[in-house]
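Okay, query.txt now, which holds compact mmCIF, C-alpha atoms and all ligand atoms:
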```
# COMPACT_ATOMS: atom_id res chain seq x y z
CA MET A 13 -33.07 -2.85 -15.19
CA THR A 14 -36.20 -0.84 -14.37
CA THR A 15 -35.53 2.74 -15.39
CA SER A 16 -38.92 3.90 -16.70
CA ARG A 17 -39.38 6.62 -14.05
CA LEU A 18 -35.98 8.26 -14.60
CA ARG A 19 -36.31 11.65 -16.29
CA SER A 20 -33.53 14.09 -15.48
CA LEU A 21 -29.73 13.98 -15.31
CA ARG A 22 -30.04 14.02 -11.52
CA ASP A 23 -32.43 11.02 -11.58
CA HIS A 24 -29.94 9.06 -13.68
CA ILE A 25 -26.94 9.97 -11.54
CA ARG A 26 -28.76 9.00 -8.34
CA TRP A 27 -29.97 5.73 -9.84
CA ALA A 28 -26.51 4.92 -11.20
CA VAL A 29 -24.88 5.46 -7.80
CA SER A 30 -27.33 3.03 -6.19
CA ARG A 31 -26.75 0.40 -8.85
CA PHE A 32 -22.96 0.89 -8.87
CA HIS A 33 -22.92 0.27 -5.11
CA GLY A 34 -25.41 -2.61 -5.32
CA GLU A 35 -23.47 -4.35 -8.09
CA GLU A 36 -20.10 -3.68 -6.41
CA LEU A 37 -18.47 -2.04 -9.41
CA PHE A 38 -14.77 -1.24 -9.23
CA PHE A 39 -13.53 2.34 -9.65
CA GLY A 40 -9.93 2.51 -10.79
CA HIS A 41 -9.96 4.21 -14.17
CA GLY A 42 -9.99 7.90 -13.39
CA THR A 43 -12.47 8.03 -10.49
CA ASP A 44 -12.41 6.35 -7.09
CA ASN A 45 -16.08 6.44 -6.05
CA ALA A 46 -19.57 5.80 -7.39
CA TRP A 47 -20.72 9.46 -7.29
CA ASP A 48 -17.88 10.77 -9.46
CA GLU A 49 -18.15 7.80 -11.81
CA ALA A 50 -21.93 8.25 -12.24
CA ARG A 51 -21.60 11.98 -12.85
CA GLN A 52 -18.80 11.44 -15.37
CA LEU A 53 -20.75 8.82 -17.28
CA VAL A 54 -24.16 10.53 -17.29
CA LEU A 55 -22.86 14.03 -18.16
CA GLY A 56 -20.31 12.66 -20.62
CA ALA A 57 -23.00 10.67 -22.43
CA VAL A 58 -24.79 13.90 -23.37
CA HIS A 59 -21.59 15.89 -23.96
CA LEU A 60 -21.94 18.12 -20.93
CA PRO A 61 -18.87 19.25 -19.01
CA TRP A 62 -18.17 17.84 -15.57
CA GLU A 63 -18.34 21.31 -13.97
CA ILE A 64 -21.88 22.38 -15.06
CA ALA A 65 -23.93 24.10 -12.38
CA ASP A 66 -26.04 21.65 -10.37
CA SER A 67 -29.22 23.54 -11.40
CA TYR A 68 -28.87 22.02 -14.90
CA LEU A 69 -29.12 18.53 -13.44
CA ASP A 70 -32.92 18.90 -13.24
CA CYS A 71 -33.43 19.72 -16.92
CA HIS A 72 -35.56 17.23 -18.80
CA LEU A 73 -33.85 15.01 -21.33
CA GLU A 74 -34.92 14.09 -24.86
CA VAL A 75 -36.00 10.47 -25.38
CA GLU A 76 -32.86 9.71 -27.43
CA GLU A 77 -30.67 11.13 -24.67
CA VAL A 78 -32.38 8.96 -22.06
CA GLU A 79 -31.94 5.89 -24.26
CA HIS A 80 -28.27 6.65 -24.83
CA ILE A 81 -27.50 7.28 -21.14
CA GLN A 82 -29.32 4.11 -20.12
CA ALA A 83 -27.56 2.01 -22.77
CA LEU A 84 -24.16 3.18 -21.48
CA LEU A 85 -25.14 2.59 -17.85
CA LYS A 86 -26.26 -0.92 -18.75
CA ARG A 87 -22.85 -1.70 -20.31
CA ARG A 88 -21.00 -0.17 -17.35
CA ILE A 89 -22.99 -2.35 -14.93
CA GLU A 90 -23.49 -5.59 -16.83
CA GLU A 91 -20.25 -5.77 -18.85
CA ARG A 92 -18.06 -3.74 -16.43
CA VAL A 93 -16.75 -1.60 -19.31
CA PRO A 94 -14.71 1.33 -17.91
CA THR A 95 -16.46 4.69 -18.36
CA ALA A 96 -13.59 6.10 -20.45
CA TYR A 97 -14.12 3.40 -23.09
CA LEU A 98 -17.88 4.00 -23.10
CA LEU A 99 -17.31 7.71 -23.71
CA GLY A 100 -14.29 7.24 -26.00
CA GLU A 101 -12.38 9.85 -24.04
CA ALA A 102 -10.33 10.30 -20.85
CA MET A 103 -8.79 13.35 -19.21
CA PHE A 104 -5.10 13.42 -18.27
CA CYS A 105 -3.23 16.51 -17.04
CA GLY A 106 -6.41 18.49 -17.80
CA LEU A 107 -6.25 17.43 -21.48
CA PRO A 108 -8.73 15.22 -23.37
CA PHE A 109 -7.45 12.01 -24.96
CA ILE A 110 -9.17 9.66 -27.38
CA VAL A 111 -9.21 6.19 -25.84
CA ASP A 112 -10.62 2.79 -26.73
CA GLU A 113 -9.83 -0.82 -25.91
CA ARG A 114 -6.55 -0.67 -27.89
CA VAL A 115 -4.96 1.43 -25.11
CA LEU A 116 -4.93 1.61 -21.34
CA VAL A 117 -7.16 4.25 -19.74
CA PRO A 118 -4.78 7.11 -18.76
CA ARG A 119 -4.36 7.37 -14.98
CA SER A 120 -0.64 7.45 -14.25
CA PRO A 121 0.52 9.48 -11.23
CA ILE A 122 3.30 10.69 -13.55
CA GLY A 123 0.70 13.27 -14.65
CA GLU A 124 1.37 15.16 -11.42
CA LEU A 125 5.12 15.28 -12.16
CA ILE A 126 4.41 16.59 -15.67
CA GLU A 127 2.18 19.38 -14.33
CA GLN A 128 5.05 20.34 -11.99
CA ARG A 129 7.45 20.22 -14.99
CA PHE A 130 9.49 17.58 -13.11
CA VAL A 131 10.72 20.25 -10.67
CA PRO A 132 13.10 19.89 -8.87
CA TRP A 133 14.45 16.89 -10.78
CA LEU A 134 15.01 18.43 -14.20
CA GLY A 135 17.60 21.19 -14.49
CA ALA A 136 17.12 22.80 -17.89
CA ASP A 137 14.05 22.22 -20.08
CA PRO A 138 14.47 18.94 -22.00
CA LEU A 139 14.83 19.29 -25.76
CA ARG A 140 14.24 15.62 -26.57
CA ILE A 141 11.75 13.52 -24.60
CA LEU A 142 10.89 9.84 -24.99
CA ASP A 143 7.59 8.44 -23.68
CA LEU A 144 8.30 4.72 -23.88
CA CYS A 145 5.24 2.44 -23.71
CA THR A 146 3.07 5.36 -24.68
CA GLY A 147 -0.36 3.72 -25.17
CA SER A 148 -2.73 6.61 -25.98
CA GLY A 149 0.25 8.99 -25.99
CA CYS A 150 -1.07 10.80 -22.90
CA ILE A 151 2.26 11.14 -21.04
CA GLY A 152 4.30 12.30 -24.03
CA ILE A 153 1.62 14.65 -25.33
CA ALA A 154 1.14 16.23 -21.90
CA CYS A 155 4.96 16.68 -21.76
CA ALA A 156 4.83 18.39 -25.16
CA TYR A 157 2.41 20.98 -23.73
CA GLU A 158 4.68 21.65 -20.73
CA PHE A 159 7.86 21.84 -22.83
CA PRO A 160 6.89 23.68 -26.03
CA ASN A 161 10.43 23.57 -27.46
CA ALA A 162 10.86 19.82 -27.05
CA GLU A 163 10.68 17.12 -29.68
CA VAL A 164 8.74 14.18 -28.22
CA VAL A 165 8.93 10.55 -29.35
CA LEU A 166 6.10 8.17 -28.41
CA GLY A 167 7.23 4.52 -28.48
CA ASP A 168 5.12 1.37 -28.20
CA LEU A 169 5.24 -2.27 -29.27
CA SER A 170 1.56 -2.26 -30.22
CA TYR A 171 0.63 -0.97 -33.70
CA GLU A 172 -2.97 -0.70 -32.48
CA ALA A 173 -1.97 1.53 -29.55
CA LEU A 174 0.09 3.73 -31.86
CA GLU A 175 -2.95 4.25 -34.10
CA VAL A 176 -4.68 5.81 -31.09
CA ALA A 177 -1.54 7.79 -30.13
CA ASN A 178 -1.42 9.19 -33.68
CA GLN A 179 -5.07 10.22 -33.44
CA ASN A 180 -4.22 12.07 -30.24
CA ILE A 181 -1.19 13.79 -31.79
CA GLU A 182 -3.48 15.01 -34.56
CA ARG A 183 -6.23 16.02 -32.14
CA HIS A 184 -3.76 18.19 -30.23
CA GLY A 185 -2.17 19.61 -33.39
CA LEU A 186 1.31 18.46 -32.37
CA ASP A 187 2.43 16.54 -35.44
CA GLU A 188 5.35 18.90 -36.13
CA ARG A 189 7.25 17.84 -33.01
CA VAL A 190 5.56 14.73 -31.59
CA TYR A 191 5.79 11.43 -33.47
CA THR A 192 5.39 7.70 -32.89
CA VAL A 193 7.93 4.89 -33.23
CA GLN A 194 6.97 1.19 -33.14
CA GLY A 195 9.29 -1.28 -31.46
CA ASP A 196 10.05 -3.61 -28.57
CA GLY A 197 11.52 -1.43 -25.82
CA PHE A 198 14.27 0.77 -27.30
CA GLU A 199 14.45 -1.40 -30.45
CA GLY A 200 13.03 1.26 -32.79
CA LEU A 201 15.37 3.96 -31.46
CA PRO A 202 18.96 2.94 -32.30
CA ASN A 203 21.54 5.63 -31.46
CA GLN A 204 18.87 8.04 -30.24
CA ARG A 205 19.40 9.94 -26.99
CA PHE A 206 16.96 11.88 -24.85
CA ASP A 207 17.14 14.44 -22.03
CA LEU A 208 14.13 12.80 -20.41
CA ILE A 209 12.89 9.22 -20.72
CA VAL A 210 9.57 8.74 -18.99
CA SER A 211 7.63 5.51 -18.97
CA ASN A 212 4.56 3.83 -17.59
CA PRO A 213 5.31 0.32 -18.89
CA PRO A 214 3.43 -2.93 -18.20
CA TYR A 215 4.49 -3.92 -14.68
CA VAL A 216 1.68 -5.89 -12.99
CA ASP A 217 3.03 -9.08 -11.41
CA ALA A 218 1.35 -12.45 -11.95
CA GLU A 219 -0.34 -12.46 -8.53
CA ASP A 220 -1.88 -8.98 -8.90
CA PHE A 221 -2.87 -9.72 -12.50
CA ALA A 222 -4.83 -12.81 -11.45
CA ASP A 223 -6.72 -10.72 -8.86
CA MET A 224 -7.65 -7.75 -11.05
CA PRO A 225 -11.34 -6.72 -11.07
CA ALA A 226 -13.44 -7.36 -14.19
CA GLU A 227 -13.04 -3.75 -15.42
CA TYR A 228 -9.36 -4.43 -16.20
CA GLN A 229 -10.26 -7.34 -18.51
CA HIS A 230 -11.28 -4.69 -21.06
CA GLU A 231 -7.75 -3.26 -21.16
CA PRO A 232 -5.03 -4.80 -23.38
CA GLU A 233 -3.12 -7.47 -21.45
CA LEU A 234 0.05 -6.26 -23.18
CA GLY A 235 -0.33 -3.01 -21.24
CA LEU A 236 -0.60 -4.65 -17.83
CA ALA A 237 1.04 -8.05 -17.27
CA CYS A 238 4.80 -8.52 -17.65
CA GLY A 239 6.02 -11.79 -16.16
CA ASP A 240 6.09 -13.28 -12.65
CA ASP A 241 7.42 -10.18 -10.90
CA GLY A 242 6.04 -7.75 -13.51
CA LEU A 243 9.54 -6.56 -14.38
CA ASN A 244 10.43 -8.42 -17.60
CA LEU A 245 10.40 -5.22 -19.65
CA VAL A 246 11.64 -2.88 -16.89
CA ARG A 247 14.76 -5.05 -16.49
CA ARG A 248 15.56 -4.51 -20.18
CA MET A 249 14.78 -0.79 -20.04
CA LEU A 250 17.16 -0.36 -17.10
CA ALA A 251 19.91 -2.28 -18.90
CA GLU A 252 19.64 -0.09 -22.01
CA ALA A 253 18.68 3.33 -20.62
CA ALA A 254 22.28 4.60 -20.31
CA ASP A 255 22.69 4.20 -24.09
CA HIS A 256 19.68 6.45 -24.72
CA LEU A 257 20.17 9.29 -22.23
CA THR A 258 22.10 12.51 -22.87
CA ASP A 259 24.77 13.66 -20.40
CA LYS A 260 22.12 15.50 -18.35
CA GLY A 261 19.44 12.85 -18.89
CA LEU A 262 16.84 11.56 -16.42
CA LEU A 263 14.98 8.25 -16.39
CA ILE A 264 11.56 8.07 -14.74
CA ILE A 265 9.68 4.75 -14.65
CA GLU A 266 6.42 3.74 -12.97
CA VAL A 267 6.34 0.24 -11.48
CA GLY A 268 3.40 0.58 -9.05
CA ASN A 269 3.09 -2.33 -6.62
CA SER A 270 6.15 -3.93 -8.22
CA GLN A 271 8.28 -1.41 -6.30
CA VAL A 272 8.90 -4.25 -3.81
CA HIS A 273 10.32 -6.42 -6.59
CA VAL A 274 12.56 -3.60 -7.87
CA GLU A 275 13.94 -3.03 -4.38
CA ALA A 276 14.56 -6.76 -3.89
CA LEU A 277 16.16 -7.19 -7.32
CA TYR A 278 18.60 -4.26 -7.13
CA PRO A 279 19.46 -3.70 -3.44
CA GLU A 280 22.69 -1.94 -4.51
CA VAL A 281 20.85 0.85 -6.37
CA ASP A 282 19.71 4.05 -4.66
CA PHE A 283 16.44 4.62 -6.55
CA ALA A 284 14.70 7.94 -5.80
CA TRP A 285 11.07 6.93 -5.15
CA LEU A 286 8.93 9.97 -5.97
CA GLU A 287 6.07 11.25 -3.81
CA PHE A 288 2.65 12.39 -4.94
CA ASN A 289 0.09 14.79 -3.46
CA ASN A 290 -2.81 13.34 -5.46
CA GLY A 291 -2.20 9.65 -4.79
CA GLY A 292 -0.07 7.05 -6.50
CA HIS A 293 3.20 5.34 -5.71
CA GLY A 294 5.89 3.15 -7.22
CA VAL A 295 7.54 5.69 -9.54
CA PHE A 296 11.34 5.92 -9.45
CA MET A 297 13.88 8.27 -10.92
CA LEU A 298 17.49 7.58 -11.87
CA SER A 299 20.08 10.02 -13.22
CA VAL A 300 22.15 9.19 -16.28
CA GLU A 301 25.16 8.80 -13.97
CA GLN A 302 23.31 6.11 -11.96
CA CYS A 303 22.17 4.35 -15.14
CA ARG A 304 25.79 4.27 -16.36
CA ALA A 305 27.24 3.23 -13.01
CA HIS A 306 24.85 0.28 -12.69
CA GLN A 307 24.59 -0.69 -16.35
CA ALA A 308 26.49 -3.98 -15.92
CA LEU A 309 24.38 -4.89 -12.90
CA PHE A 310 21.18 -4.07 -14.78
CA ALA A 311 22.35 -6.14 -17.77
CA SER A 312 23.11 -9.10 -15.51
CA ARG A 313 19.50 -9.17 -14.24
CA VAL A 314 17.79 -9.24 -17.66
CA LEU A 315 15.84 -12.48 -18.09
C1 LIG A 401 0.68 0.53 -18.80
S1 LIG A 401 0.41 0.83 -20.52
C2 LIG A 401 0.74 2.56 -20.44
C3 LIG A 401 0.14 3.41 -21.49
C4 LIG A 401 0.33 4.90 -21.26
N1 LIG A 401 1.74 5.24 -21.11
C5 LIG A 401 -0.45 5.39 -20.05
O1 LIG A 401 0.17 5.78 -19.05
O2 LIG A 401 -1.68 5.38 -20.10
C6 LIG A 401 1.84 0.11 -21.21
C7 LIG A 401 2.04 0.21 -22.72
O3 LIG A 401 3.26 -0.49 -23.01
C8 LIG A 401 3.15 -1.12 -24.26
N2 LIG A 401 4.15 -2.20 -24.32
C9 LIG A 401 4.06 -3.45 -23.80
N3 LIG A 401 5.18 -4.14 -24.02
C10 LIG A 401 6.01 -3.31 -24.69
C11 LIG A 401 7.34 -3.44 -25.21
N4 LIG A 401 8.01 -4.59 -25.10
N5 LIG A 401 7.89 -2.38 -25.83
C12 LIG A 401 7.21 -1.20 -25.96
N6 LIG A 401 5.96 -1.03 -25.52
C13 LIG A 401 5.36 -2.06 -24.87
C14 LIG A 401 1.70 -1.58 -24.31
O4 LIG A 401 1.30 -1.77 -25.63
C15 LIG A 401 0.97 -0.42 -23.60
O5 LIG A 401 0.52 0.51 -24.52
```
Now that the file is in, can you turn its structure into structure tokens?
Amino acid sequence: MTTSRLRSLRDHIRWAVSRFHGEELFFGHGTDNAWDEARQLVLGAVHLPWEIADSYLDCHLEVEEVEHIQALLKRRIEERVPTAYLLGEAMFCGLPFIVDERVLVPRSPIGELIEQRFVPWLGADPLRILDLCTGSGCIGIACAYEFPNAEVVLGDLSYEALEVANQNIERHGLDERVYTVQGDGFEGLPNQRFDLIVSNPPYVDAEDFADMPAEYQHEPELGLACGDDGLNLVRRMLAEAADHLTDKGLLIIEVGNSQVHVEALYPEVDFAWLEFNNGGHGVFMLSVEQCRAHQALFASRVL
């Protein structure tokens, strides 16, 4: 990479955009285009906020800053490491989260539902919330901000992911009412009920998983792939959800492109597929009554 004439932030952003296009990088971890990705990486590398005035882009950089920016750009281009991992941080619901290769990069469209406090789906404010398959903890922690009286449980199978979730609980000063539980699905939560269960589980089907761009190889496979139709875990969550919801409980699960498999697998069930203003799809909602009514059906489709 010839970068010897690059001096300012603007020089580096412009150069990065050209290289990102030339090398056909994929943008799917918080940005969707080369300009936003380059700005996020270059400004983030020198701890400057995204929103700084453009006039600062022409400031000269110290030699160490140039070296650091260029080292990160090199890894983004040559190793296809997602920007969030290079910076060690990702934003979700306007909040910063510590991230590394033990957890998925936060990007769930469920963030939009959280910012809208799940209106009009939730009646009263939930007092107990479960974020199942929590990864970095981003969904549950963002819920804790929106519902300051709620106790929030963050569940995950991966001990490594929960180490990151615990760092984020501490970072946000929420350890009095947000805590982690390790287990396979609901395994670590016997007899526990919640007013809201929200989950972005692994749901990528085998075909999509085989086609994923190189950037996704840096994410834990446990967070993405989940059997031929992507629904191995979702089938179990559906079968057990009724036993973990309160009488006014709601279940919200993201299944992305595997929406087609959910619809084919349970044609009898009237899933509410939620809509998003900021992009995203494949998130359904079920009431506790629906979970109870279809529990036998759900149990019969567990693999
Ligand atoms: C798609 S990631 C989502 C992470 C986070 N909720 C987010 O939106 O960024 C799925 C998470 O599910 C966890 N997971 C995979 N299989 C699981 C299981 N059987 N039980 C509980 N968690 C599981 C993975 O470790 C991973 O952290």
Margin query: Give me, as number ranges by chain, all polymer residues having an atom no more than 9 Å from A:Tyr97, counting only C-alpha atoms and skipping those fewer than 3 positions away in the same chain.
Written below: A: 93-94, 100-102, 111-113, 117, 230
Margin query: At a cut-off of 7 Å around ligand LIG 401 (chain A), and using only C-alpha atoms and all ligand atoms, what residues come up? Please write them as a PyMOL selection string.
Written below: chain A and resi 115-120+144-151+167-170+173+195-197+211-214+234-236+245
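Minimum atom-to-atom distances from A:Leu142, A:Leu201, A:Leu60, A:Ile126 to A:Glu158 were compared using only C-alpha atoms, and the lowest value belongs to A:Ile126.
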Margin query: Give me, as a PyMOL selection string, all polymer residues having an atom no more than 10 Å from A:Gly135, counting only C-alpha atoms and skipping those fewer than 2 positions away in the same chain.
Written below: chain A and resi 130-133+137-138+260-262
Margin query: So that I can see what lies close to A:Glu188, please list as a ChimeraX atom specification the residues with an atom at most 12 Å from it, counting only C-alpha atoms and leaving out residues fewer than 6 positions away in the same chain.
Written below: /A:156,160-165,181-182
Item checked: Expected residue set, 10 Å radius at (-17.1, 8.5, -16.4), all atoms listed in the file, as number ranges by chain -> A: 39, 41-43, 46-57, 62, 88, 94-99, 101-102
Next item on the list: Could you jot down the atom CA of A:Ala222 to atom CA of A:Asn269 separation for me, Å, one decimal place?
Entry: 14.0 Å
Margin query: Calculated over all atoms listed in the file, which of the candidates A:Arg205, A:Arg19, A:His293, A:Arg87 has the smallest distance to A:Gly268?
Written below: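 With all atoms listed in the file as the atom set, the closest residue is A:His293.
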Spatial neighbours of A:Asn244, max dist 9 Å, only C-alpha atoms, sep filter under 5 positions, as a short mmCIF file (atom, residue, chain, number, x, y, z; two decimals) with C-alpha atoms, keeping the file's coordinate frame:
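Result saved to out.cif:
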```
data_model
loop_
_atom_site.label_atom_id
_atom_site.label_comp_id
_atom_site.auth_asym_id
_atom_site.auth_seq_id
_atom_site.Cartn_x
_atom_site.Cartn_y
_atom_site.Cartn_z
CA PRO A 214 3.43 -2.93 -18.20
CA TYR A 215 4.49 -3.92 -14.68
CA CYS A 238 4.80 -8.52 -17.65
CA GLY A 239 6.02 -11.79 -16.16
CA VAL A 314 17.79 -9.24 -17.66
CA LEU A 315 15.84 -12.48 -18.09
#
```
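By chain and then residue number, the residues within 9 Å of A:Val281 are Glu275, Gln302 and His306 of chain A, counting all atoms listed in the file and disregarding those fewer than 5 positions away in sequence.
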Check: What separation in Å, quoted to one decimal, exists between atom CA of A:Asp70 and atom CA of A:Glu35?
Finding: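 Computing it gives 25.6 Å between the two atoms.
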Margin query: Let me make sure I understand: among A:Asn289, A:Gln307, A:Asn45, A:Gln229, which one has the smallest atom-to-atom distance to A:Glu124 if we use all atoms listed in the file?
Written below: A:Asn289
Next item on the list: Using all atoms listed in the file, find the one residue out of A:Glu63, A:Glu227, A:Asp143, A:Glu287 that sits nearest to A:Ile89.
Entry: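 Of all the options, A:Glu227 lies closest to A:Ile89.
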